[in-house]
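Just run_29.cif here, mmCIF, C-alpha atoms:
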```cif
data_target
loop_
_atom_site.label_atom_id
_atom_site.label_comp_id
_atom_site.auth_asym_id
_atom_site.auth_seq_id
_atom_site.Cartn_x
_atom_site.Cartn_y
_atom_site.Cartn_z
CA MET A 1367 7.74 -166.80 -96.56
CA THR A 1368 6.01 -169.96 -97.82
CA THR A 1369 2.39 -169.93 -98.93
CA GLN A 1370 -0.27 -172.55 -99.64
CA ARG A 1371 -0.09 -174.62 -102.85
CA SER A 1372 -2.98 -173.95 -105.19
CA SER A 1373 -3.73 -175.42 -108.62
CA LEU A 1374 -6.50 -172.79 -108.88
CA ALA A 1375 -3.86 -170.05 -108.82
CA LEU A 1376 -1.96 -171.74 -111.66
CA GLN A 1377 -5.05 -171.55 -113.86
CA HIS A 1378 -4.34 -167.81 -114.20
CA ILE A 1379 -0.80 -168.33 -115.54
CA ALA A 1380 -0.90 -167.68 -119.30
CA LEU A 1381 1.82 -170.24 -120.05
CA LEU A 1382 -0.27 -173.00 -118.43
CA GLU A 1383 -3.63 -172.08 -119.93
CA GLY A 1384 -5.58 -175.09 -121.18
CA LEU A 1385 -3.77 -177.72 -119.14
CA SER A 1386 -5.92 -180.40 -117.52
CA GLN A 1387 -6.88 -180.08 -113.88
CA GLN A 1388 -4.87 -183.19 -113.15
CA ARG A 1389 -1.74 -181.67 -114.65
CA LEU A 1390 -2.27 -178.41 -112.78
CA ASP A 1391 -2.70 -180.33 -109.53
CA GLN A 1392 0.58 -182.14 -110.19
CA LEU A 1393 2.38 -178.89 -110.97
CA ALA A 1394 0.97 -177.20 -107.86
CA GLN A 1395 2.42 -179.97 -105.71
CA ARG A 1396 5.82 -179.84 -107.42
CA CYS A 1397 6.11 -176.06 -107.16
CA GLN A 1398 7.69 -174.21 -104.26
CA TRP A 1399 5.35 -171.42 -103.16
CA GLN A 1400 6.44 -168.19 -101.49
CA SER A 1401 5.20 -164.73 -100.61
CA VAL A 1402 7.73 -161.96 -101.17
CA PRO A 1403 7.32 -158.43 -99.77
CA ALA A 1404 7.54 -155.34 -101.97
CA SER A 1405 10.99 -154.00 -102.91
CA ALA A 1406 12.71 -157.31 -102.19
CA PRO A 1407 15.04 -159.37 -104.42
CA LEU A 1408 13.61 -162.55 -105.90
CA LEU A 1409 16.60 -163.53 -108.06
CA LEU A 1410 20.14 -162.23 -108.36
CA ARG A 1411 22.27 -161.99 -111.47
CA SER A 1412 24.78 -164.87 -111.82
CA GLU A 1413 22.86 -166.86 -109.22
CA GLU A 1414 23.16 -170.61 -109.79
CA LYS A 1415 19.44 -171.28 -109.89
CA SER A 1416 17.46 -172.67 -112.81
CA ASP A 1417 13.86 -172.71 -111.56
CA VAL A 1418 11.02 -171.21 -113.60
CA TYR A 1419 8.80 -168.76 -111.71
CA PHE A 1420 5.06 -168.20 -112.14
CA LEU A 1421 3.80 -164.84 -110.88
CA VAL A 1422 0.53 -165.62 -109.13
CA SER A 1423 0.03 -162.08 -107.84
CA GLY A 1424 2.01 -158.85 -107.56
CA GLN A 1425 4.51 -157.25 -109.92
CA LEU A 1426 8.18 -157.91 -110.68
CA ARG A 1427 10.96 -156.00 -112.43
CA VAL A 1428 13.78 -157.57 -114.42
CA THR A 1429 16.80 -155.32 -114.03
CA THR A 1430 20.56 -155.20 -113.56
CA TYR A 1431 23.29 -152.75 -112.60
CA SER A 1432 26.33 -151.57 -114.54
CA ALA A 1433 29.83 -151.45 -113.07
CA ASN A 1434 29.32 -147.79 -112.11
CA GLY A 1435 26.05 -148.57 -110.32
CA ARG A 1436 23.63 -147.35 -112.98
CA GLN A 1437 20.41 -149.35 -113.04
CA ILE A 1438 19.29 -150.83 -116.35
CA THR A 1439 15.68 -152.02 -116.49
CA PHE A 1440 14.63 -154.61 -119.05
CA ARG A 1441 10.93 -155.18 -118.38
CA ASP A 1442 8.20 -155.45 -115.76
CA LEU A 1443 6.12 -158.57 -115.21
CA ASN A 1444 2.51 -158.64 -114.08
CA GLU A 1445 0.23 -161.26 -112.57
CA GLY A 1446 -0.12 -164.33 -114.78
CA GLU A 1447 3.30 -164.05 -116.41
CA HIS A 1448 6.36 -166.26 -115.97
CA LEU A 1449 10.13 -165.87 -115.99
CA GLY A 1450 13.32 -167.87 -115.70
CA GLU A 1451 12.94 -170.16 -118.68
CA ILE A 1452 16.31 -169.19 -120.19
CA ALA A 1453 18.32 -170.52 -117.25
CA ALA A 1454 16.02 -173.54 -117.07
CA ILE A 1455 16.69 -174.36 -120.72
CA ASP A 1456 20.47 -173.87 -120.86
CA GLY A 1457 21.34 -174.54 -117.20
CA ARG A 1458 23.53 -171.45 -116.97
CA PRO A 1459 23.45 -168.72 -114.26
CA ARG A 1460 20.85 -165.98 -114.17
CA SER A 1461 21.44 -163.09 -116.59
CA ALA A 1462 19.62 -160.38 -114.60
CA ASP A 1463 18.25 -159.43 -111.20
CA VAL A 1464 14.54 -159.72 -110.43
CA VAL A 1465 12.96 -157.58 -107.69
CA THR A 1466 9.40 -157.15 -106.48
CA LEU A 1467 7.63 -153.89 -107.20
CA LYS A 1468 4.65 -154.99 -105.13
CA ALA A 1469 4.12 -157.71 -102.56
CA SER A 1470 4.05 -160.86 -104.68
CA VAL A 1471 3.17 -164.53 -104.56
CA VAL A 1472 5.29 -166.76 -106.81
CA ALA A 1473 5.36 -170.47 -107.53
CA SER A 1474 8.69 -171.89 -108.72
CA LEU A 1475 9.16 -175.10 -110.68
CA ASP A 1476 12.58 -176.76 -110.73
CA ARG A 1477 14.44 -177.26 -113.99
CA ALA A 1478 13.84 -181.00 -114.29
CA ALA A 1479 10.08 -180.62 -113.80
CA PHE A 1480 9.93 -177.70 -116.26
CA LEU A 1481 11.80 -179.61 -119.00
CA GLU A 1482 9.51 -182.57 -118.37
CA LEU A 1483 6.53 -180.25 -118.80
CA LEU A 1484 7.88 -179.03 -122.15
CA ARG A 1485 8.36 -182.59 -123.38
CA ASP A 1486 4.90 -183.70 -122.27
CA GLU A 1487 2.93 -180.60 -123.29
CA PRO A 1488 3.77 -179.37 -126.84
CA MET A 1489 1.33 -176.48 -126.38
CA VAL A 1490 3.40 -175.13 -123.47
CA ALA A 1491 6.65 -175.69 -125.39
CA GLU A 1492 5.30 -173.67 -128.31
CA ARG A 1493 4.31 -170.82 -125.99
CA VAL A 1494 7.81 -170.77 -124.52
CA MET A 1495 9.28 -170.54 -128.04
CA ARG A 1496 6.94 -167.68 -128.91
CA SER A 1497 7.80 -165.91 -125.65
CA LEU A 1498 11.53 -166.21 -126.27
CA THR A 1499 11.12 -165.06 -129.87
CA SER A 1500 9.24 -161.98 -128.69
CA LEU A 1501 11.95 -161.28 -126.12
CA VAL A 1502 14.68 -161.49 -128.79
CA ARG A 1503 12.77 -159.05 -130.99
CA GLN A 1504 12.28 -156.60 -128.12
CA LEU A 1505 15.93 -156.72 -127.11
CA SER A 1506 17.08 -156.37 -130.73
CA GLU A 1507 14.93 -153.28 -131.12
CA ARG A 1508 16.30 -151.89 -127.88
CA VAL A 1509 19.92 -152.44 -128.98
CA ILE A 1510 19.18 -150.60 -132.23
CA ASP A 1511 17.57 -147.71 -130.32
CA LEU A 1512 20.47 -147.43 -127.88
CA SER A 1513 23.01 -147.57 -130.72
CA THR A 1514 21.39 -145.16 -133.14
CA MET A 1515 19.20 -142.70 -131.22
CA GLY A 1516 19.91 -139.83 -128.87
CA VAL A 1517 18.52 -139.59 -125.35
CA GLN A 1518 15.48 -137.52 -126.28
CA ASN A 1519 14.41 -140.01 -128.96
CA ARG A 1520 14.91 -142.94 -126.57
CA VAL A 1521 12.62 -141.19 -124.08
CA HIS A 1522 10.05 -140.73 -126.87
CA ALA A 1523 10.30 -144.44 -127.76
CA GLU A 1524 9.78 -145.54 -124.16
CA LEU A 1525 6.80 -143.22 -123.69
CA LEU A 1526 5.24 -144.61 -126.86
CA ARG A 1527 5.83 -148.17 -125.67
CA LEU A 1528 4.19 -147.37 -122.32
CA ALA A 1529 1.30 -145.63 -124.10
CA ARG A 1530 0.62 -148.67 -126.25
CA GLU A 1531 0.86 -150.94 -123.23
CA ALA A 1532 -1.60 -148.78 -121.26
CA GLY A 1533 -4.01 -148.52 -124.19
CA ILE A 1534 -4.57 -145.58 -126.53
CA ASP A 1535 -7.98 -143.90 -126.62
CA GLY A 1536 -8.25 -141.84 -129.75
CA ASN A 1537 -4.96 -139.97 -129.75
CA ARG A 1538 -4.42 -139.94 -125.99
CA THR A 1539 -3.34 -142.27 -123.23
CA ARG A 1540 -3.03 -142.04 -119.48
CA LEU A 1541 -0.09 -143.50 -117.54
CA ASP A 1542 -1.34 -143.93 -114.00
CA PRO A 1543 0.71 -144.01 -111.91
CA ALA A 1544 3.33 -142.32 -114.03
CA PRO A 1545 6.79 -143.90 -114.09
CA THR A 1546 9.31 -141.96 -112.05
CA HIS A 1547 12.06 -140.09 -113.85
CA ALA A 1548 14.56 -142.53 -112.36
CA GLU A 1549 12.57 -145.49 -113.74
CA LEU A 1550 12.49 -143.97 -117.21
CA ALA A 1551 16.21 -143.26 -117.01
CA SER A 1552 16.93 -146.89 -116.14
CA ARG A 1553 14.93 -148.02 -119.17
CA VAL A 1554 16.66 -145.79 -121.72
CA SER A 1555 20.21 -145.88 -120.30
CA THR A 1556 20.60 -142.28 -119.19
CA ASN A 1557 20.32 -140.23 -116.02
CA ARG A 1558 17.31 -138.76 -114.27
CA GLU A 1559 18.25 -135.15 -115.08
CA GLN A 1560 18.19 -135.79 -118.83
CA VAL A 1561 14.80 -137.48 -118.56
CA THR A 1562 13.45 -134.53 -116.57
CA ARG A 1563 14.65 -132.08 -119.22
CA GLU A 1564 13.03 -134.03 -122.04
CA LEU A 1565 9.72 -134.51 -120.21
CA ASN A 1566 9.61 -130.76 -119.52
CA ALA A 1567 10.25 -130.11 -123.22
CA LEU A 1568 7.41 -132.43 -124.20
CA GLN A 1569 5.09 -130.65 -121.78
CA ARG A 1570 6.01 -127.27 -123.27
CA ALA A 1571 5.29 -128.71 -126.72
CA GLY A 1572 1.81 -129.79 -125.63
CA ILE A 1573 2.51 -133.51 -126.01
CA LEU A 1574 2.48 -134.38 -122.29
CA GLU A 1575 0.52 -133.19 -119.30
CA LYS A 1576 0.79 -133.99 -115.60
CA ASP A 1577 -2.44 -134.91 -113.82
CA GLY A 1578 -1.75 -135.63 -110.16
CA LYS A 1579 0.30 -138.82 -110.05
CA ALA A 1580 -0.56 -139.62 -113.66
CA LEU A 1581 1.10 -138.58 -116.90
CA VAL A 1582 -1.18 -137.98 -119.87
CA VAL A 1583 0.13 -138.30 -123.41
CA LEU A 1584 -2.00 -135.74 -125.23
CA ASP A 1585 -0.78 -136.41 -128.76
CA VAL A 1586 0.36 -139.97 -129.40
CA GLN A 1587 0.60 -139.41 -133.16
CA ARG A 1588 3.17 -136.66 -132.69
CA LEU A 1589 5.32 -139.10 -130.74
CA VAL A 1590 4.90 -141.62 -133.55
CA ALA A 1591 5.90 -139.03 -136.14
CA MET A 1592 8.93 -137.86 -134.15
CA LEU A 1593 10.19 -141.42 -133.88
CA ALA A 1594 9.51 -142.19 -137.52
CA GLU A 1595 11.82 -139.33 -138.50
CA VAL A 1596 14.81 -140.93 -136.76
CA ARG A 1597 13.95 -144.62 -137.01
CA GLY A 1598 12.33 -144.78 -140.39
CA PHE A 1599 9.44 -146.56 -138.66
CA PRO A 1600 7.35 -145.76 -135.52
#
```

Just give me the structure of the file as structure tokens.
Amino acid sequence: MTTQRSSLALQHIALLEGLSQQRLDQLAQRCQWQSVPASAPLLLRSEEKSDVYFLVSGQLRVTTYSANGRQITFRDLNEGEHLGEIAAIDGRPRSADVVTLKASVVASLDRAAFLELLRDEPMVAERVMRSLTSLVRQLSERVIDLSTMGVQNRVHAELLRLAREAGIDGNRTRLDPAPTHAELASRVSTNREQVTRELNALQRAGILEKDGKALVVLDVQRLVAMLAEVRGFP
């Protein structure tokens, strides 16, 4: 479903922050705008598309599926973020699927216009480099975790990541709504049953607590210490 072009909406995209109104107006006209319902595919792995997408509103998930059908989740994207720059830079097919978690509005910029933007706006090019560098670091850390840690420690690592993302108050944090057991399993490359067992163990240990649809981490420092024992760092 198409939606109205808006340079005002692009002002909230972090990658484009600080661009002149004239440049934003130009980008708004060159973008393709669409509204996508919740739980719908936006991009498919191996798809021959090289547009860059700006998430104006909603939430997206970058994910893929193994040969046996197991879902592997890489990251979630929130309003103001962007995706697709890898395919735009190298011109190769998509490396993952992208689906909507909520009804979303996205603006897509074709490869030629995006590369032109990088050449004309060094500030944007630097942000793309920083974004890609951060992504490499995250994926490197994830490969190390998957290669060296057992399931229970991978669950601990993901809970700590979510806690830091949600914000830690003192030694506690609240994940609301809590991720489903299936979602956690897809993030740490295991099955839902193993996640359920480990979450139950953490509740018995007084580290986690359910509160309606939320999950409360009662002792973040214990999670940090447990991870430090196996990683050598938190």

Under the rule of at most 10 Å, produce a per-residue listing of stretch 1454-1494 of chain A near stretch 1429-1433 of chain A: chain, number, name, the closest pair of atoms, and the distance in Å, as CSV, using all atoms listed in the file.
```
residue,atom,partner,partner_atom,distance
A:Ser1461,CA,A:Thr1430,CA,8.5
A:Ala1462,CA,A:Thr1430,CA,5.4
A:Asp1463,CA,A:Thr1429,CA,5.2
A:Val1464,CA,A:Thr1429,CA,6.1
A:Val1465,CA,A:Thr1429,CA,7.7
```

Could the residues in this selection be written to a file with C-alpha atoms, as a PDB file, keeping the file's coordinate frame?
```
ATOM      1  CA  SER A1461      21.440-163.090-116.590  1.00  0.00           C
ATOM      2  CA  ALA A1462      19.620-160.380-114.600  1.00  0.00           C
ATOM      3  CA  ASP A1463      18.250-159.430-111.200  1.00  0.00           C
ATOM      4  CA  VAL A1464      14.540-159.720-110.430  1.00  0.00           C
ATOM      5  CA  VAL A1465      12.960-157.580-107.690  1.00  0.00           C
TER       6      VAL A1465
END
```

Quiz item: Which is closer to A:Ala1551 than all the others in A:Gly1516, A:Ala1380, A:Arg1436, A:Thr1499, using all atoms listed in the file?
Solution: A:Arg1436

Self-check item: the PyMOL selection byres ((chain A and resi 1385-1395) around 9) resolved against shown file, as a PyMOL selection string
Solution: chain A and resi 1371-1377+1382-1384+1396-1399+1473+1475+1479+1483+1487+1489-1490

Practice problem: For A:Lys1579, list every protein, DNA or RNA residue within 10 Å, evaluated using all atoms listed in the file, and leave out those in the same chain fewer than 2 positions away; present the list as an MDAnalysis selection string. | Solution: chainID A and resid 1541:1546 1576:1577 1581:1582

Tell me which protein, DNA and RNA residues are within 12 Å of A:Leu1481, counting all atoms listed in the file, leaving out same-chain ones fewer than 6 positions away, and put them as a PDB file with C-alpha atoms, in the frame of the given file.
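Full text of out-v7.pdb as output:
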```pdb
ATOM      1  CA  SER A1416      17.460-172.670-112.810  1.00  0.00           C
ATOM      2  CA  ASP A1417      13.860-172.710-111.560  1.00  0.00           C
ATOM      3  CA  VAL A1418      11.020-171.210-113.600  1.00  0.00           C
ATOM      4  CA  GLU A1451      12.940-170.160-118.680  1.00  0.00           C
ATOM      5  CA  ILE A1452      16.310-169.190-120.190  1.00  0.00           C
ATOM      6  CA  ALA A1453      18.320-170.520-117.250  1.00  0.00           C
ATOM      7  CA  ALA A1454      16.020-173.540-117.070  1.00  0.00           C
ATOM      8  CA  ILE A1455      16.690-174.360-120.720  1.00  0.00           C
ATOM      9  CA  ASP A1456      20.470-173.870-120.860  1.00  0.00           C
ATOM     10  CA  GLY A1457      21.340-174.540-117.200  1.00  0.00           C
ATOM     11  CA  LEU A1475       9.160-175.100-110.680  1.00  0.00           C
ATOM     12  CA  GLU A1487       2.930-180.600-123.290  1.00  0.00           C
ATOM     13  CA  PRO A1488       3.770-179.370-126.840  1.00  0.00           C
ATOM     14  CA  VAL A1490       3.400-175.130-123.470  1.00  0.00           C
ATOM     15  CA  ALA A1491       6.650-175.690-125.390  1.00  0.00           C
ATOM     16  CA  VAL A1494       7.810-170.770-124.520  1.00  0.00           C
TER      17      VAL A1494
END
```

Exercise. Please provide as a ChimeraX atom specification all residues within 12 Å of A:Arg1427, with the sequence filter that same-chain residues fewer than 3 positions apart are discarded (counting all atoms listed in the file).
Key: /A:1404-1410,1421,1424,1430,1437-1445,1447-1449,1462-1468,1470,1549,1552-1553

Quiz prompt | Distance of atom CA of A:Phe1420 from atom CA of A:Gly1450, expressed in Å to one decimal place | solution = 9.0 Å

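This file, filtered with the PyMOL selection byres ((chain A and resi 1574) around 10), gives the residues Leu1525, Arg1538, Thr1539, Arg1540, Leu1565, Asn1566, Ala1567, Leu1568, Gln1569, Arg1570, Ala1571, Gly1572, Ile1573, Glu1575, Lys1576, Asp1577, Leu1581, Val1582, Val1583, Leu1584, Asp1585 and Val1586 of chain A.
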
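Across the model, the gap from atom CA of A:Ala1594 to atom CA of A:Val1517 is 15.4 Å.
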
If you apply the PyMOL selection byres ((chain A and resi 1511-1515) around 12) to this file, what residues do you get, as a JSON list (two decimals) with C-alpha atoms, in the frame of the given file?
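Result file result-v5.json:
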```json
[["chain", "number", "residue", "atom", "x", "y", "z"],
["A", 1504, "GLN", "CA", 12.28, -156.60, -128.12],
["A", 1505, "LEU", "CA", 15.93, -156.72, -127.11],
["A", 1506, "SER", "CA", 17.08, -156.37, -130.73],
["A", 1507, "GLU", "CA", 14.93, -153.28, -131.12],
["A", 1508, "ARG", "CA", 16.30, -151.89, -127.88],
["A", 1509, "VAL", "CA", 19.92, -152.44, -128.98],
["A", 1510, "ILE", "CA", 19.18, -150.60, -132.23],
["A", 1516, "GLY", "CA", 19.91, -139.83, -128.87],
["A", 1517, "VAL", "CA", 18.52, -139.59, -125.35],
["A", 1518, "GLN", "CA", 15.48, -137.52, -126.28],
["A", 1519, "ASN", "CA", 14.41, -140.01, -128.96],
["A", 1520, "ARG", "CA", 14.91, -142.94, -126.57],
["A", 1521, "VAL", "CA", 12.62, -141.19, -124.08],
["A", 1522, "HIS", "CA", 10.05, -140.73, -126.87],
["A", 1523, "ALA", "CA", 10.30, -144.44, -127.76],
["A", 1524, "GLU", "CA", 9.78, -145.54, -124.16],
["A", 1553, "ARG", "CA", 14.93, -148.02, -119.17],
["A", 1554, "VAL", "CA", 16.66, -145.79, -121.72],
["A", 1555, "SER", "CA", 20.21, -145.88, -120.30],
["A", 1556, "THR", "CA", 20.60, -142.28, -119.19],
["A", 1592, "MET", "CA", 8.93, -137.86, -134.15],
["A", 1593, "LEU", "CA", 10.19, -141.42, -133.88],
["A", 1594, "ALA", "CA", 9.51, -142.19, -137.52],
["A", 1595, "GLU", "CA", 11.82, -139.33, -138.50],
["A", 1596, "VAL", "CA", 14.81, -140.93, -136.76],
["A", 1597, "ARG", "CA", 13.95, -144.62, -137.01],
["A", 1598, "GLY", "CA", 12.33, -144.78, -140.39],
["A", 1599, "PHE", "CA", 9.44, -146.56, -138.66],
["A", 1600, "PRO", "CA", 7.35, -145.76, -135.52]]
```

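The two atoms in question, atom CA of A:Ala1580 and atom CA of A:Ala1548, are spaced 15.5 Å apart.
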
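If you measure from each of A:Gly1435, A:Gly1533, A:Pro1459, A:Pro1403 to A:Val1471 using all atoms listed in the file, the closest one turns out to be A:Pro1403.
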
Can I get stretch 1389-1400 of chain A with all heavy atoms filled in, as a short mmCIF file (atom, residue, chain, number, x, y, z; two decimals), keeping the file's coordinate frame?
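The resulting file, part_26.cif, is shown below:
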```cif
data_model
loop_
_atom_site.label_atom_id
_atom_site.label_comp_id
_atom_site.auth_asym_id
_atom_site.auth_seq_id
_atom_site.Cartn_x
_atom_site.Cartn_y
_atom_site.Cartn_z
N ARG A 1389 -3.10 -182.18 -114.45
CA ARG A 1389 -1.74 -181.67 -114.65
C ARG A 1389 -1.48 -180.46 -113.77
O ARG A 1389 -0.40 -180.33 -113.17
CB ARG A 1389 -1.55 -181.30 -116.12
CG ARG A 1389 -0.24 -180.57 -116.42
CD ARG A 1389 0.98 -181.40 -116.12
NE ARG A 1389 1.29 -182.30 -117.24
CZ ARG A 1389 2.38 -183.05 -117.30
NH1 ARG A 1389 3.23 -183.04 -116.29
NH2 ARG A 1389 2.59 -183.84 -118.32
N LEU A 1390 -2.44 -179.58 -113.64
CA LEU A 1390 -2.27 -178.41 -112.78
C LEU A 1390 -2.10 -178.83 -111.31
O LEU A 1390 -1.29 -178.24 -110.59
CB LEU A 1390 -3.46 -177.46 -112.92
CG LEU A 1390 -3.57 -176.71 -114.24
CD1 LEU A 1390 -4.88 -175.92 -114.31
CD2 LEU A 1390 -2.39 -175.77 -114.45
N ASP A 1391 -2.86 -179.82 -110.90
CA ASP A 1391 -2.70 -180.33 -109.53
C ASP A 1391 -1.29 -180.86 -109.31
O ASP A 1391 -0.67 -180.62 -108.26
CB ASP A 1391 -3.72 -181.43 -109.25
CG ASP A 1391 -5.15 -180.91 -109.14
OD1 ASP A 1391 -5.31 -179.70 -108.90
OD2 ASP A 1391 -6.08 -181.72 -109.30
N GLN A 1392 -0.77 -181.60 -110.29
CA GLN A 1392 0.58 -182.14 -110.19
C GLN A 1392 1.62 -181.03 -110.12
O GLN A 1392 2.55 -181.07 -109.30
CB GLN A 1392 0.88 -183.04 -111.39
CG GLN A 1392 0.07 -184.33 -111.43
CD GLN A 1392 0.22 -185.07 -112.75
OE1 GLN A 1392 0.74 -184.54 -113.73
NE2 GLN A 1392 -0.25 -186.32 -112.78
N LEU A 1393 1.44 -180.01 -110.97
CA LEU A 1393 2.38 -178.89 -110.97
C LEU A 1393 2.32 -178.13 -109.64
O LEU A 1393 3.37 -177.72 -109.11
CB LEU A 1393 2.07 -177.94 -112.13
CG LEU A 1393 2.40 -178.45 -113.53
CD1 LEU A 1393 1.90 -177.46 -114.58
CD2 LEU A 1393 3.89 -178.68 -113.68
N ALA A 1394 1.12 -177.93 -109.12
CA ALA A 1394 0.97 -177.20 -107.86
C ALA A 1394 1.73 -177.90 -106.74
O ALA A 1394 2.33 -177.25 -105.87
CB ALA A 1394 -0.50 -177.06 -107.50
N GLN A 1395 1.72 -179.22 -106.75
CA GLN A 1395 2.42 -179.97 -105.71
C GLN A 1395 3.94 -179.95 -105.91
O GLN A 1395 4.69 -179.99 -104.94
CB GLN A 1395 1.92 -181.42 -105.69
CG GLN A 1395 0.48 -181.57 -105.22
CD GLN A 1395 0.25 -180.95 -103.84
OE1 GLN A 1395 1.01 -181.20 -102.90
NE2 GLN A 1395 -0.79 -180.14 -103.71
N ARG A 1396 4.39 -179.86 -107.16
CA ARG A 1396 5.82 -179.84 -107.42
C ARG A 1396 6.44 -178.45 -107.27
O ARG A 1396 7.65 -178.32 -107.15
CB ARG A 1396 6.10 -180.39 -108.83
CG ARG A 1396 5.72 -181.85 -108.99
CD ARG A 1396 6.23 -182.45 -110.26
NE ARG A 1396 7.69 -182.63 -110.25
CZ ARG A 1396 8.36 -183.30 -111.18
NH1 ARG A 1396 7.70 -183.87 -112.19
NH2 ARG A 1396 9.66 -183.42 -111.11
N CYS A 1397 5.60 -177.43 -107.30
CA CYS A 1397 6.11 -176.06 -107.16
C CYS A 1397 6.46 -175.74 -105.70
O CYS A 1397 5.86 -176.28 -104.77
CB CYS A 1397 5.07 -175.04 -107.64
SG CYS A 1397 4.93 -174.87 -109.43
N GLN A 1398 7.42 -174.84 -105.55
CA GLN A 1398 7.69 -174.21 -104.26
C GLN A 1398 6.96 -172.87 -104.26
O GLN A 1398 7.12 -172.08 -105.19
CB GLN A 1398 9.19 -174.00 -104.06
CG GLN A 1398 10.00 -175.29 -104.00
CD GLN A 1398 9.66 -176.13 -102.79
OE1 GLN A 1398 9.47 -175.61 -101.69
NE2 GLN A 1398 9.55 -177.45 -102.99
N TRP A 1399 6.18 -172.62 -103.22
CA TRP A 1399 5.35 -171.42 -103.16
C TRP A 1399 5.92 -170.46 -102.11
O TRP A 1399 6.32 -170.87 -101.03
CB TRP A 1399 3.92 -171.77 -102.80
CG TRP A 1399 3.25 -172.62 -103.85
CD1 TRP A 1399 3.47 -173.94 -104.11
CD2 TRP A 1399 2.27 -172.19 -104.78
NE1 TRP A 1399 2.69 -174.37 -105.14
CE2 TRP A 1399 1.92 -173.31 -105.57
CE3 TRP A 1399 1.62 -170.97 -105.01
CZ2 TRP A 1399 0.98 -173.24 -106.59
CZ3 TRP A 1399 0.67 -170.90 -106.02
CH2 TRP A 1399 0.36 -172.03 -106.80
N GLN A 1400 5.94 -169.17 -102.46
CA GLN A 1400 6.44 -168.19 -101.49
C GLN A 1400 5.78 -166.83 -101.70
O GLN A 1400 5.41 -166.46 -102.81
CB GLN A 1400 7.96 -168.05 -101.59
CG GLN A 1400 8.49 -167.64 -102.95
CD GLN A 1400 9.99 -167.55 -102.98
OE1 GLN A 1400 10.62 -166.99 -102.07
NE2 GLN A 1400 10.60 -168.10 -104.01
#
```
